[in-house]
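Asks: Encoded as structure tokens, here's the structure I'll be asking about.
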Amino acid sequence: MKKHFLKTLLLTATLIFTSLGVSFAEPKKGGTLIAAVGNNPRHLNPAVQSGIVTGFPGAQLFATPIRYDNNWEPQPYLAESWEISDGGKTVKLNLVKDAVFHDGVPIKSSDVKFSLETIKKHHPFKTMFAPVVSVETPDEHTAVLKLSSPHPALMLAMSSQLMAIIPEHVYGDGQDPKTHPQNSENVVGSGPFKLVEFKSGEHIILERFDDFFIDGRPYLDKMVLKIIRDPATRTIGLENGEIDFYAFENVPTNINRLKKNANLNVTPDGYAAIGPIDWLAFNTKSGKTADVNVRRAIAYAIDRNFILKAIMLGVADEARTGIHPGSPYYEPDVEAYDIDIDKANKILDDAGYKKGSDGMRFGLNVDFGWPGLRPNAEYTKAALKKIGIDVTVRQSADFPTWAQTVSNHNFDLTWDTVFNWGDPVIGVHRTYQTSNIKKGVIWSNTQQYSNPKVDAIMEKAGVENNMDKRKALYSELQKMLANDLPVYWTNTLPYHTIYSNKVGNPPMGIWATSSPMDMTYIKE
Amino acid sequence: MLMVLLVVVVLNFLMLHLAPGDIADTIAQTMGGADEQDMAELRKQYGLDQPFFIQLFNYVVKVALLDFGQSHFYNLPVFDLIMERFPATLLLVFSAQILSLFVGILLGVYAAQNPNGLSSLFVNMFSLFGYAAPVFWTGILLLIAFSLHIPIFPVSGMRDITIESGNFFVHFFDVLRHLFLPMITLASIFFAYYSRLCRASMLEVLGADFVRTAKAKGLSKKDVLLKHALKNSLSPVITFAGLSFSAVVSGAILVETVYSWPGLGTLAFNSIISRDTPVLLGILIFSTLMVTVGNLLTDLMLKALDPRIKI
């Protein structure tokens, strides 16, 4: 009994410390972290460029008002405190007093106002700050956000790479912020690291900003981000110790191979807010998939476990809905469409899709957005043959080709990976909102799905401040979507972080490397 | 020359225009989504909303004025982007070409001396392996062998960015260390061509009257081979080297991608997948120039080998 109690105590303590992102070892100052990145960022200013590629250097160069811990709890960052009043329609940010930009100019509330207005105008995620009607700056260290309606997504939108605080005296010079020359060179940031060099296609070198507003941070002297596109090359670099750190690895064979290396740590933790989900999307407006019975039959014929075990090799998690399983809003208690070929055949028979003499009912095309989803498409062909659907796998030459096909609604089925981006308002609503059916725009509601009840729930959940009520609304939403099935969700994209034993405190929060790495250190 | 460039510009522009999707789609991809208005604005900003012939005319006029435009993706001048990476590609392509010629000729000469022997068979097999193996596969194999199991060469890049100080030789040997595997990989494709061509040419020359005369004069075997036979059998090898220069340049795209070699190849690859048309067109024009210059050098070498040739 005593032994059991001690074990429980130890486990609890471990969980508490881990959840706070605290390592048991004393962080050490100094050292260089050699990290790999898989793609070349367009530039380094996350205020006008979304995406995880800019997010990594962007979150090191620019601070945000708040940051999040592993438990989805907001923590002070550039704002040392905040007050929410007026039923969620006023948010007051109290800024850290001695914060300065990398050029030594103090960070003021006017910079917060400028940054938010720039993001609102130029960032692609328009829903993040849509209800913010004005930003008042009563003094240099107070910014008051006035909203037209409560907006619970605001807190997440003020974290990670989503609300980079950029200097007005640099980016407010009249040039277009999207093409500003200082997005790539001479970047003046507000974060823990400053830019030394960005050689496009080669590397990004960051060094410690000595006047960072958190005393003693960052621990690292330097970060070198090597741009290595080839996954095999990155893997070998990690294995031979040339690379210390790589986030967003999603190739199952590489993940399993690297797990066997005693010098490396491989973890799926840290991607809950990024929220990547693989799914099979249906064209709900034209062709056979416009019939919900066809969509349901297809879902019953596709074995999610086969995808998890045989294609993802056990490194991905099940995802039953469009909200990531790591999100507090995830509802697993929905129709899961577990494999049932007989049921799938019966649904199609009852719906009038009789098999022909060749055993086939009709044909469909399946597209896929990324080379990594090819096995899913090939599997779809094999799986749907069992219910008399003749599937043609269509290979797109590259992303723009696929994007043109899907965004112009010229598809039946397509495999895709889509991110949640923290709050459902930012990354989930866009897939199902009737108002977001926009021809030619990828990752809009390309399924052309429309259900007024679903629209109404999303509208309600988007402004609901009470967490329990909000969760209930999103639970209802996920059940309705699972019933209508505009998309059949299968699994999380198995993003993993790989880091060598000499790296302490790698980013394990909800935003992975799209969060500041001021606490990361080199042990040796 | 100008006509060639004009045809290259027009054809490439046409082909890239025919590809589905554009820069607005790829920017949406990097953004994780995009707004309809933003995409329309981007297309307007880059002139993609204009009719094809107006876009083509504008581009040809700009190129005529030596303005390659602005990269849609990086928002940097195309000329600067290309110039920044051109030396790396030049280094890789020329070193690989010289290595493959040197090794190919050496193997060819060696095999020609005993055409039916085991050594000749071995040379044939070795060179054919290099030819048959996909270049990215050879690259990965070399990385596994010499970066992972015998870690003597780095996996990526052109230099070690942690080396901040040091004299010229430190940096020179650092670049050389980084260059070694990409150079071998790229050269491996052409070992087969050059060695087989050299072998066949040598066999023919070795049976010629002037070689028999040289032997009868009592010249050493080495002098017969190198001074008489080799010199006369090099013309087809050099001619082929000139012709295959374009293949070396295209092979560099794959090699640069595997080794993250910061040259035009990686830039071209990025530009293709991001539909960065101005950059891609700029690279194609530069490649055309490189191939043209490569062929000119070949002609000059041929003339040096055989003064009867007139250029």
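If you're wondering about the labels, chains in the structure tokens are A, B, ... by order shown, residues count from 1 in each chain, ligands from 1 in order shown.
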Select from chain B every residue with an atom at most 9 Å from any atom of chain A, then for each give the shortest pair of atoms and their distance in Å to one decimal, using only C-alpha atoms, rows by chain and rising number, as CSV.
Replies:
```
residue,atom,partner,partner_atom,distance
B:Ala19,CA,A:Thr401,CA,7.5
B:Pro20,CA,A:Thr401,CA,5.0
B:Gly21,CA,A:Pro400,CA,4.5
B:Asp22,CA,A:Pro400,CA,6.4
B:Ile23,CA,A:Pro400,CA,8.0
B:Ala24,CA,A:Pro400,CA,8.8
B:Asp25,CA,A:Pro400,CA,5.6
B:Thr26,CA,A:Pro400,CA,6.1
B:Ile27,CA,A:Arg42,CA,8.6
B:Ala28,CA,A:Ile442,CA,7.2
B:Gln29,CA,A:Phe399,CA,7.9
B:Thr30,CA,A:Gly51,CA,5.5
B:Met31,CA,A:Ser50,CA,4.3
B:Gly32,CA,A:Gly51,CA,5.4
B:Gly33,CA,A:Trp443,CA,5.6
B:Ala34,CA,A:Pro124,CA,4.8
B:Asp35,CA,A:Pro124,CA,5.6
B:Glu36,CA,A:Val441,CA,6.0
B:Asp38,CA,A:Pro124,CA,7.5
B:Met39,CA,A:Val441,CA,7.8
B:Phe73,CA,A:Arg42,CA,6.1
B:Tyr74,CA,A:Arg42,CA,5.2
B:Asn75,CA,A:Thr179,CA,6.4
B:Leu76,CA,A:Pro181,CA,8.5
B:Leu81,CA,A:Ser200,CA,8.7
B:Ile140,CA,A:Ala232,CA,7.2
B:Leu143,CA,A:Ile236,CA,7.4
B:Ile144,CA,A:Ile236,CA,6.9
B:Ser147,CA,A:Asn240,CA,6.9
B:Leu148,CA,A:Asn240,CA,5.3
B:His149,CA,A:Asn240,CA,8.2
B:Pro151,CA,A:Asn240,CA,7.1
B:Pro154,CA,A:Glu242,CA,7.6
B:Val155,CA,A:Gly237,CA,5.9
B:Ser156,CA,A:Ile228,CA,7.2
B:Gly157,CA,A:Glu202,CA,6.9
B:Met158,CA,A:Glu202,CA,8.6
B:Ile161,CA,A:Val224,CA,8.1
B:Thr162,CA,A:Val224,CA,8.5
B:Thr257,CA,A:Asp230,CA,6.6
B:Val258,CA,A:Asp230,CA,5.6
B:Tyr259,CA,A:Thr233,CA,7.0
B:Ser260,CA,A:Ile228,CA,5.6
B:Trp261,CA,A:Glu202,CA,7.8
B:Pro262,CA,A:Glu202,CA,5.8
B:Gly263,CA,A:Gly201,CA,8.6
B:Thr266,CA,A:Gly201,CA,7.2
B:Leu267,CA,A:Gly201,CA,7.2
B:Asn270,CA,A:Asn40,CA,8.2
B:Ile272,CA,A:Asp398,CA,8.9
B:Ile273,CA,A:Asp398,CA,6.3
B:Ser274,CA,A:Pro400,CA,7.6
B:Arg275,CA,A:Pro400,CA,7.7
```
Asks: Could those residues be written to a file, using C-alpha atoms, as a PDB file, in the first residue's frame?
Replies:
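Wrote it out as out-v7.pdb, contents follow:
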```
ATOM      1  CA  ALA B  19       0.781  24.125 -65.898  1.00  0.00           C
ATOM      2  CA  PRO B  20      -2.248  24.216 -63.600  1.00  0.00           C
ATOM      3  CA  GLY B  21      -2.131  26.404 -60.521  1.00  0.00           C
ATOM      4  CA  ASP B  22      -0.124  29.511 -59.840  1.00  0.00           C
ATOM      5  CA  ILE B  23       1.824  31.342 -57.175  1.00  0.00           C
ATOM      6  CA  ALA B  24      -1.366  32.314 -55.333  1.00  0.00           C
ATOM      7  CA  ASP B  25      -2.073  28.612 -54.739  1.00  0.00           C
ATOM      8  CA  THR B  26       1.405  27.948 -53.403  1.00  0.00           C
ATOM      9  CA  ILE B  27       1.334  30.983 -51.159  1.00  0.00           C
ATOM     10  CA  ALA B  28      -1.997  29.694 -49.838  1.00  0.00           C
ATOM     11  CA  GLN B  29      -0.236  26.380 -49.192  1.00  0.00           C
ATOM     12  CA  THR B  30       2.591  27.973 -47.206  1.00  0.00           C
ATOM     13  CA  MET B  31       0.019  30.010 -45.295  1.00  0.00           C
ATOM     14  CA  GLY B  32      -2.104  27.008 -44.353  1.00  0.00           C
ATOM     15  CA  GLY B  33      -5.008  28.624 -46.216  1.00  0.00           C
ATOM     16  CA  ALA B  34      -5.807  31.954 -47.779  1.00  0.00           C
ATOM     17  CA  ASP B  35      -8.556  34.442 -48.220  1.00  0.00           C
ATOM     18  CA  GLU B  36     -10.291  34.787 -51.593  1.00  0.00           C
ATOM     19  CA  ASP B  38      -5.897  38.021 -50.834  1.00  0.00           C
ATOM     20  CA  MET B  39      -5.502  35.494 -53.634  1.00  0.00           C
ATOM     21  CA  PHE B  73       7.789  33.628 -53.750  1.00  0.00           C
ATOM     22  CA  TYR B  74      10.837  35.234 -52.143  1.00  0.00           C
ATOM     23  CA  ASN B  75      10.066  38.811 -53.139  1.00  0.00           C
ATOM     24  CA  LEU B  76      13.701  39.287 -54.161  1.00  0.00           C
ATOM     25  CA  LEU B  81      18.760  35.008 -56.354  1.00  0.00           C
ATOM     26  CA  ILE B 140      21.409   8.332 -50.335  1.00  0.00           C
ATOM     27  CA  LEU B 143      25.289   9.344 -47.445  1.00  0.00           C
ATOM     28  CA  ILE B 144      24.518   6.167 -45.516  1.00  0.00           C
ATOM     29  CA  SER B 147      28.056  10.165 -43.414  1.00  0.00           C
ATOM     30  CA  LEU B 148      26.411   7.597 -41.183  1.00  0.00           C
ATOM     31  CA  HIS B 149      28.495   4.408 -40.941  1.00  0.00           C
ATOM     32  CA  PRO B 151      31.085   9.574 -40.778  1.00  0.00           C
ATOM     33  CA  PRO B 154      28.718  15.996 -43.886  1.00  0.00           C
ATOM     34  CA  VAL B 155      25.133  15.254 -44.938  1.00  0.00           C
ATOM     35  CA  SER B 156      24.142  18.614 -46.275  1.00  0.00           C
ATOM     36  CA  GLY B 157      25.050  22.116 -47.279  1.00  0.00           C
ATOM     37  CA  MET B 158      28.145  23.656 -48.775  1.00  0.00           C
ATOM     38  CA  ILE B 161      28.262  27.425 -40.559  1.00  0.00           C
ATOM     39  CA  THR B 162      29.674  26.856 -37.097  1.00  0.00           C
ATOM     40  CA  THR B 257      18.090  18.421 -53.506  1.00  0.00           C
ATOM     41  CA  VAL B 258      19.492  15.299 -51.814  1.00  0.00           C
ATOM     42  CA  TYR B 259      22.521  17.115 -50.383  1.00  0.00           C
ATOM     43  CA  SER B 260      20.813  20.500 -49.824  1.00  0.00           C
ATOM     44  CA  TRP B 261      23.560  21.964 -51.981  1.00  0.00           C
ATOM     45  CA  PRO B 262      22.653  25.654 -52.207  1.00  0.00           C
ATOM     46  CA  GLY B 263      22.771  25.965 -55.977  1.00  0.00           C
ATOM     47  CA  THR B 266      17.464  23.522 -55.301  1.00  0.00           C
ATOM     48  CA  LEU B 267      16.249  26.943 -56.370  1.00  0.00           C
ATOM     49  CA  ASN B 270      11.579  25.145 -55.128  1.00  0.00           C
ATOM     50  CA  ILE B 272       8.780  24.524 -59.841  1.00  0.00           C
ATOM     51  CA  ILE B 273       6.745  23.422 -56.853  1.00  0.00           C
ATOM     52  CA  SER B 274       5.943  26.990 -55.850  1.00  0.00           C
ATOM     53  CA  ARG B 275       5.127  28.117 -59.427  1.00  0.00           C
TER      54      ARG B 275
END
```
Asks: Please build the interface table for region 52-169 of chain B against region 282-295 of chain B with a cut-off of 8 Å, listing for each qualifying residue the nearest atom pair and the distance in Å to one decimal; count only C-alpha atoms, order rows by chain and increasing number, and write it as a tab-separated table.
Replies:
```
residue	atom	partner	partner_atom	distance
B:Phe68	CA	B:Gly282	CA	6.2
B:Val78	CA	B:Gly282	CA	6.8
B:Phe79	CA	B:Gly282	CA	7.4
B:Ile82	CA	B:Ile283	CA	6.9
```
Asks: Report as a PyMOL selection string all protein, DNA and RNA residues lying within 10 Å of region 45-54 of chain B, evaluated on only C-alpha atoms, omitting residues in the same chain fewer than 2 positions from it.
Replies: chain B and resi 13-14+17+22-24+39-43+56-60+70-72
Asks: What would the file look like if the residues just selected were written as a PDB file, in the first residue's frame with N, CA and C atoms?
Replies:
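Dumped to part_8.pdb:
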```pdb
ATOM      1  N   PHE B  13       8.011  30.045 -71.236  1.00  0.00           N
ATOM      2  CA  PHE B  13       6.900  30.834 -70.715  1.00  0.00           C
ATOM      3  C   PHE B  13       5.576  30.129 -71.022  1.00  0.00           C
ATOM      4  N   LEU B  14       5.488  29.637 -72.242  1.00  0.00           N
ATOM      5  CA  LEU B  14       4.264  28.951 -72.668  1.00  0.00           C
ATOM      6  C   LEU B  14       4.034  27.690 -71.827  1.00  0.00           C
ATOM      7  N   HIS B  17       3.061  28.456 -68.340  1.00  0.00           N
ATOM      8  CA  HIS B  17       1.709  29.007 -68.308  1.00  0.00           C
ATOM      9  C   HIS B  17       0.660  27.890 -68.397  1.00  0.00           C
ATOM     10  N   ASP B  22      -1.048  28.386 -59.737  1.00  0.00           N
ATOM     11  CA  ASP B  22      -0.124  29.511 -59.840  1.00  0.00           C
ATOM     12  C   ASP B  22       0.440  29.846 -58.467  1.00  0.00           C
ATOM     13  N   ILE B  23       1.152  30.947 -58.421  1.00  0.00           N
ATOM     14  CA  ILE B  23       1.824  31.342 -57.175  1.00  0.00           C
ATOM     15  C   ILE B  23       0.822  31.588 -56.041  1.00  0.00           C
ATOM     16  N   ALA B  24      -0.371  32.055 -56.382  1.00  0.00           N
ATOM     17  CA  ALA B  24      -1.366  32.314 -55.333  1.00  0.00           C
ATOM     18  C   ALA B  24      -1.715  31.014 -54.608  1.00  0.00           C
ATOM     19  N   MET B  39      -5.980  36.230 -52.454  1.00  0.00           N
ATOM     20  CA  MET B  39      -5.502  35.494 -53.634  1.00  0.00           C
ATOM     21  C   MET B  39      -5.708  36.329 -54.905  1.00  0.00           C
ATOM     22  N   ALA B  40      -6.853  36.982 -54.988  1.00  0.00           N
ATOM     23  CA  ALA B  40      -7.121  37.828 -56.155  1.00  0.00           C
ATOM     24  C   ALA B  40      -6.124  38.985 -56.206  1.00  0.00           C
ATOM     25  N   GLU B  41      -5.827  39.523 -55.023  1.00  0.00           N
ATOM     26  CA  GLU B  41      -4.876  40.636 -54.926  1.00  0.00           C
ATOM     27  C   GLU B  41      -3.480  40.198 -55.382  1.00  0.00           C
ATOM     28  N   LEU B  42      -3.092  38.992 -54.947  1.00  0.00           N
ATOM     29  CA  LEU B  42      -1.783  38.454 -55.336  1.00  0.00           C
ATOM     30  C   LEU B  42      -1.689  38.309 -56.847  1.00  0.00           C
ATOM     31  N   ARG B  43      -2.742  37.763 -57.442  1.00  0.00           N
ATOM     32  CA  ARG B  43      -2.741  37.551 -58.903  1.00  0.00           C
ATOM     33  C   ARG B  43      -2.649  38.889 -59.633  1.00  0.00           C
ATOM     34  N   LEU B  56       3.301  37.596 -71.691  1.00  0.00           N
ATOM     35  CA  LEU B  56       4.488  37.164 -72.448  1.00  0.00           C
ATOM     36  C   LEU B  56       5.254  38.369 -72.986  1.00  0.00           C
ATOM     37  N   PHE B  57       4.493  39.304 -73.570  1.00  0.00           N
ATOM     38  CA  PHE B  57       5.127  40.492 -74.148  1.00  0.00           C
ATOM     39  C   PHE B  57       5.887  41.264 -73.066  1.00  0.00           C
ATOM     40  N   ASN B  58       5.224  41.471 -71.929  1.00  0.00           N
ATOM     41  CA  ASN B  58       5.870  42.206 -70.830  1.00  0.00           C
ATOM     42  C   ASN B  58       7.153  41.510 -70.394  1.00  0.00           C
ATOM     43  N   TYR B  59       7.089  40.185 -70.338  1.00  0.00           N
ATOM     44  CA  TYR B  59       8.255  39.446 -69.852  1.00  0.00           C
ATOM     45  C   TYR B  59       9.410  39.539 -70.850  1.00  0.00           C
ATOM     46  N   VAL B  60       9.109  39.354 -72.135  1.00  0.00           N
ATOM     47  CA  VAL B  60      10.166  39.394 -73.161  1.00  0.00           C
ATOM     48  C   VAL B  60      10.829  40.778 -73.179  1.00  0.00           C
ATOM     49  N   GLN B  70      11.076  40.088 -60.432  1.00  0.00           N
ATOM     50  CA  GLN B  70      11.097  39.852 -58.993  1.00  0.00           C
ATOM     51  C   GLN B  70      10.528  38.469 -58.717  1.00  0.00           C
ATOM     52  N   SER B  71      11.165  37.734 -57.805  1.00  0.00           N
ATOM     53  CA  SER B  71      10.619  36.425 -57.433  1.00  0.00           C
ATOM     54  C   SER B  71       9.282  36.622 -56.735  1.00  0.00           C
ATOM     55  N   HIS B  72       8.267  35.902 -57.195  1.00  0.00           N
ATOM     56  CA  HIS B  72       6.960  35.999 -56.555  1.00  0.00           C
ATOM     57  C   HIS B  72       6.998  35.387 -55.166  1.00  0.00           C
TER      58      HIS B  72
END
```
Asks: Show me, as number ranges by chain, the residues that have an atom within 10 Å of region 296-309 of chain B when counting only C-alpha atoms, minus same-chain residues fewer than 3 positions from it.
Replies: B: 231-243, 245, 290-293
Asks: Write out as number ranges by chain each polymer residue whose atoms come within 6 Å of Gly130 (chain B), counting only C-alpha atoms; drop sequence neighbours fewer than 2 positions from it.
Replies: B: 127-128, 132-133, 188-189
Asks: Given the choices B:Asp160, B:Arg196, B:Arg85, B:Gly69, which gets closest to Val123 (chain B) if the distance is worked out from only C-alpha atoms?
Replies: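 Residue with the minimum atom-to-atom distance to Val123 (chain B): B:Arg196.
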Asks: What does the distance from CA of Val211 (chain B) to CA of Ala112 (chain B) come to in Å, to one decimal?
Replies: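 One can read the CA of Val211 (chain B) to CA of Ala112 (chain B) distance as 13.9 Å.
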Asks: Just asking: which residues within region 167-284 of chain A are strand (DSSP E or B) according to DSSP, as JSON, numbers by chain?
Replies: {"A": [193, 194, 195, 196, 197, 198, 199, 203, 204, 205, 206, 207, 208, 222, 223, 224, 225, 226, 227, 245, 246, 247, 248, 249, 264, 265, 266, 267, 276, 277, 278, 279, 280, 281, 282]}
Asks: Based on the backbone DSSP call, show me all residues of region 99-236 of chain B assigned alpha helix (DSSP H), as a PDB file with C-alpha atoms, in the first residue's frame.
Replies:
```
ATOM      1  CA  LEU B  99      35.893  14.086 -62.458  1.00  0.00           C
ATOM      2  CA  SER B 100      33.647  11.976 -64.660  1.00  0.00           C
ATOM      3  CA  LEU B 101      35.795  12.739 -67.710  1.00  0.00           C
ATOM      4  CA  PHE B 102      39.008  11.957 -65.852  1.00  0.00           C
ATOM      5  CA  VAL B 103      37.763   8.718 -64.304  1.00  0.00           C
ATOM      6  CA  GLY B 104      35.856   7.715 -67.459  1.00  0.00           C
ATOM      7  CA  ILE B 105      38.902   8.175 -69.685  1.00  0.00           C
ATOM      8  CA  LEU B 106      41.155   6.418 -67.185  1.00  0.00           C
ATOM      9  CA  LEU B 107      38.806   3.434 -67.016  1.00  0.00           C
ATOM     10  CA  GLY B 108      38.352   3.425 -70.790  1.00  0.00           C
ATOM     11  CA  VAL B 109      42.089   3.387 -71.445  1.00  0.00           C
ATOM     12  CA  TYR B 110      42.592   0.662 -68.875  1.00  0.00           C
ATOM     13  CA  ALA B 111      39.800  -1.502 -70.299  1.00  0.00           C
ATOM     14  CA  ALA B 112      40.963  -1.017 -73.890  1.00  0.00           C
ATOM     15  CA  GLN B 113      44.331  -2.592 -73.165  1.00  0.00           C
ATOM     16  CA  LEU B 118      38.265  -9.644 -66.304  1.00  0.00           C
ATOM     17  CA  SER B 119      39.434  -6.108 -65.534  1.00  0.00           C
ATOM     18  CA  SER B 120      37.594  -4.821 -68.578  1.00  0.00           C
ATOM     19  CA  LEU B 121      34.457  -6.636 -67.481  1.00  0.00           C
ATOM     20  CA  PHE B 122      34.811  -5.102 -64.036  1.00  0.00           C
ATOM     21  CA  VAL B 123      35.190  -1.607 -65.497  1.00  0.00           C
ATOM     22  CA  ASN B 124      32.111  -2.168 -67.629  1.00  0.00           C
ATOM     23  CA  MET B 125      30.064  -3.366 -64.683  1.00  0.00           C
ATOM     24  CA  PHE B 126      31.216  -0.526 -62.434  1.00  0.00           C
ATOM     25  CA  SER B 127      30.424   2.141 -64.967  1.00  0.00           C
ATOM     26  CA  LEU B 128      27.095   0.604 -65.914  1.00  0.00           C
ATOM     27  CA  PHE B 129      26.097   0.500 -62.249  1.00  0.00           C
ATOM     28  CA  GLY B 130      26.700   4.241 -62.011  1.00  0.00           C
ATOM     29  CA  TYR B 131      24.649   4.776 -65.150  1.00  0.00           C
ATOM     30  CA  ALA B 132      21.768   2.524 -64.151  1.00  0.00           C
ATOM     31  CA  VAL B 135      21.074   9.598 -58.959  1.00  0.00           C
ATOM     32  CA  PHE B 136      19.062  10.261 -55.782  1.00  0.00           C
ATOM     33  CA  TRP B 137      19.501   6.606 -54.779  1.00  0.00           C
ATOM     34  CA  THR B 138      23.262   6.765 -55.312  1.00  0.00           C
ATOM     35  CA  GLY B 139      23.244   9.949 -53.234  1.00  0.00           C
ATOM     36  CA  ILE B 140      21.409   8.332 -50.335  1.00  0.00           C
ATOM     37  CA  LEU B 141      23.646   5.230 -50.475  1.00  0.00           C
ATOM     38  CA  LEU B 142      26.772   7.374 -50.329  1.00  0.00           C
ATOM     39  CA  LEU B 143      25.289   9.344 -47.445  1.00  0.00           C
ATOM     40  CA  PHE B 168      41.295  30.621 -46.433  1.00  0.00           C
ATOM     41  CA  PHE B 169      42.482  27.011 -46.348  1.00  0.00           C
ATOM     42  CA  VAL B 170      40.149  26.098 -43.482  1.00  0.00           C
ATOM     43  CA  HIS B 171      37.170  27.301 -45.518  1.00  0.00           C
ATOM     44  CA  PHE B 172      38.548  25.835 -48.745  1.00  0.00           C
ATOM     45  CA  PHE B 173      38.878  22.362 -47.256  1.00  0.00           C
ATOM     46  CA  ASP B 174      35.483  22.724 -45.587  1.00  0.00           C
ATOM     47  CA  VAL B 175      33.850  23.378 -48.987  1.00  0.00           C
ATOM     48  CA  LEU B 176      35.851  20.531 -50.495  1.00  0.00           C
ATOM     49  CA  ARG B 177      34.613  18.175 -47.772  1.00  0.00           C
ATOM     50  CA  HIS B 178      31.027  19.196 -48.460  1.00  0.00           C
ATOM     51  CA  LEU B 179      31.534  18.950 -52.218  1.00  0.00           C
ATOM     52  CA  PHE B 180      32.963  15.449 -52.285  1.00  0.00           C
ATOM     53  CA  LEU B 181      29.798  13.321 -52.079  1.00  0.00           C
ATOM     54  CA  PRO B 182      27.587  15.482 -54.329  1.00  0.00           C
ATOM     55  CA  MET B 183      30.373  15.591 -56.908  1.00  0.00           C
ATOM     56  CA  ILE B 184      30.841  11.803 -56.869  1.00  0.00           C
ATOM     57  CA  THR B 185      27.076  11.280 -57.083  1.00  0.00           C
ATOM     58  CA  LEU B 186      26.651  13.547 -60.066  1.00  0.00           C
ATOM     59  CA  ALA B 187      29.767  12.240 -61.787  1.00  0.00           C
ATOM     60  CA  SER B 188      28.700   8.610 -61.325  1.00  0.00           C
ATOM     61  CA  ILE B 189      26.054   8.927 -64.044  1.00  0.00           C
ATOM     62  CA  PHE B 190      28.669   9.779 -66.645  1.00  0.00           C
ATOM     63  CA  PHE B 191      31.447   7.336 -65.762  1.00  0.00           C
ATOM     64  CA  ALA B 192      29.724   4.750 -67.944  1.00  0.00           C
ATOM     65  CA  TYR B 193      29.321   7.016 -70.957  1.00  0.00           C
ATOM     66  CA  TYR B 194      32.859   8.250 -70.986  1.00  0.00           C
ATOM     67  CA  SER B 195      34.573   4.986 -70.110  1.00  0.00           C
ATOM     68  CA  ARG B 196      32.686   2.977 -72.746  1.00  0.00           C
ATOM     69  CA  LEU B 197      33.129   5.643 -75.372  1.00  0.00           C
ATOM     70  CA  CYS B 198      36.811   5.977 -74.581  1.00  0.00           C
ATOM     71  CA  ARG B 199      37.257   2.193 -74.583  1.00  0.00           C
ATOM     72  CA  ALA B 200      35.595   1.813 -77.981  1.00  0.00           C
ATOM     73  CA  SER B 201      37.518   4.719 -79.456  1.00  0.00           C
ATOM     74  CA  MET B 202      40.799   3.473 -78.025  1.00  0.00           C
ATOM     75  CA  LEU B 203      40.226  -0.010 -79.422  1.00  0.00           C
ATOM     76  CA  GLU B 204      39.707   1.462 -82.851  1.00  0.00           C
ATOM     77  CA  VAL B 205      42.756   3.706 -82.629  1.00  0.00           C
ATOM     78  CA  LEU B 206      44.966   0.968 -81.201  1.00  0.00           C
ATOM     79  CA  ASP B 209      48.435   2.044 -88.799  1.00  0.00           C
ATOM     80  CA  PHE B 210      50.009   4.998 -87.031  1.00  0.00           C
ATOM     81  CA  VAL B 211      49.893   3.145 -83.714  1.00  0.00           C
ATOM     82  CA  ARG B 212      51.513   0.106 -85.322  1.00  0.00           C
ATOM     83  CA  THR B 213      54.199   2.467 -86.718  1.00  0.00           C
ATOM     84  CA  ALA B 214      54.721   3.998 -83.289  1.00  0.00           C
ATOM     85  CA  LYS B 215      55.175   0.550 -81.802  1.00  0.00           C
ATOM     86  CA  ALA B 216      57.560  -0.415 -84.649  1.00  0.00           C
ATOM     87  CA  LYS B 221      53.914   1.190 -74.284  1.00  0.00           C
ATOM     88  CA  LYS B 222      53.146   4.229 -72.160  1.00  0.00           C
ATOM     89  CA  ASP B 223      54.140   6.644 -74.927  1.00  0.00           C
ATOM     90  CA  LYS B 231      45.119  11.871 -77.981  1.00  0.00           C
ATOM     91  CA  ASN B 232      43.510  10.551 -81.131  1.00  0.00           C
ATOM     92  CA  SER B 233      40.687   8.762 -79.358  1.00  0.00           C
ATOM     93  CA  LEU B 234      39.586  11.681 -77.198  1.00  0.00           C
ATOM     94  CA  SER B 235      37.594  13.570 -79.843  1.00  0.00           C
ATOM     95  CA  PRO B 236      34.366  11.535 -79.539  1.00  0.00           C
TER      96      PRO B 236
END
```
Asks: Name all residues at most 10 Å from Tyr337 (chain A) (count only C-alpha atoms; drop same-chain ones fewer than 2 positions away) and give them as an NGL selection string.
Replies: :A and (296-304 or 320 or 334-335 or 339-340 or 344 or 482-483 or 488)
Asks: Residues near Leu264 (chain A), anyone? I mean within 10 Å using only C-alpha atoms, not counting same-chain ones fewer than 3 positions away, as JSON, numbers by chain.
Replies: {"A": [238, 239, 241, 244, 245, 258, 259, 260, 261, 267, 498, 499, 500, 501, 502, 503]}
Asks: What does the distance between CA of Tyr246 (chain A) and CA of Pro57 (chain A) come to in Å, to one decimal place?
Replies: 13.0 Å
Asks: By how many Å are CA of Ala164 (chain A) and CA of Met519 (chain A) apart?
Replies: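 Computed distance, CA of Ala164 (chain A) to CA of Met519 (chain A), equals 18.7 Å.
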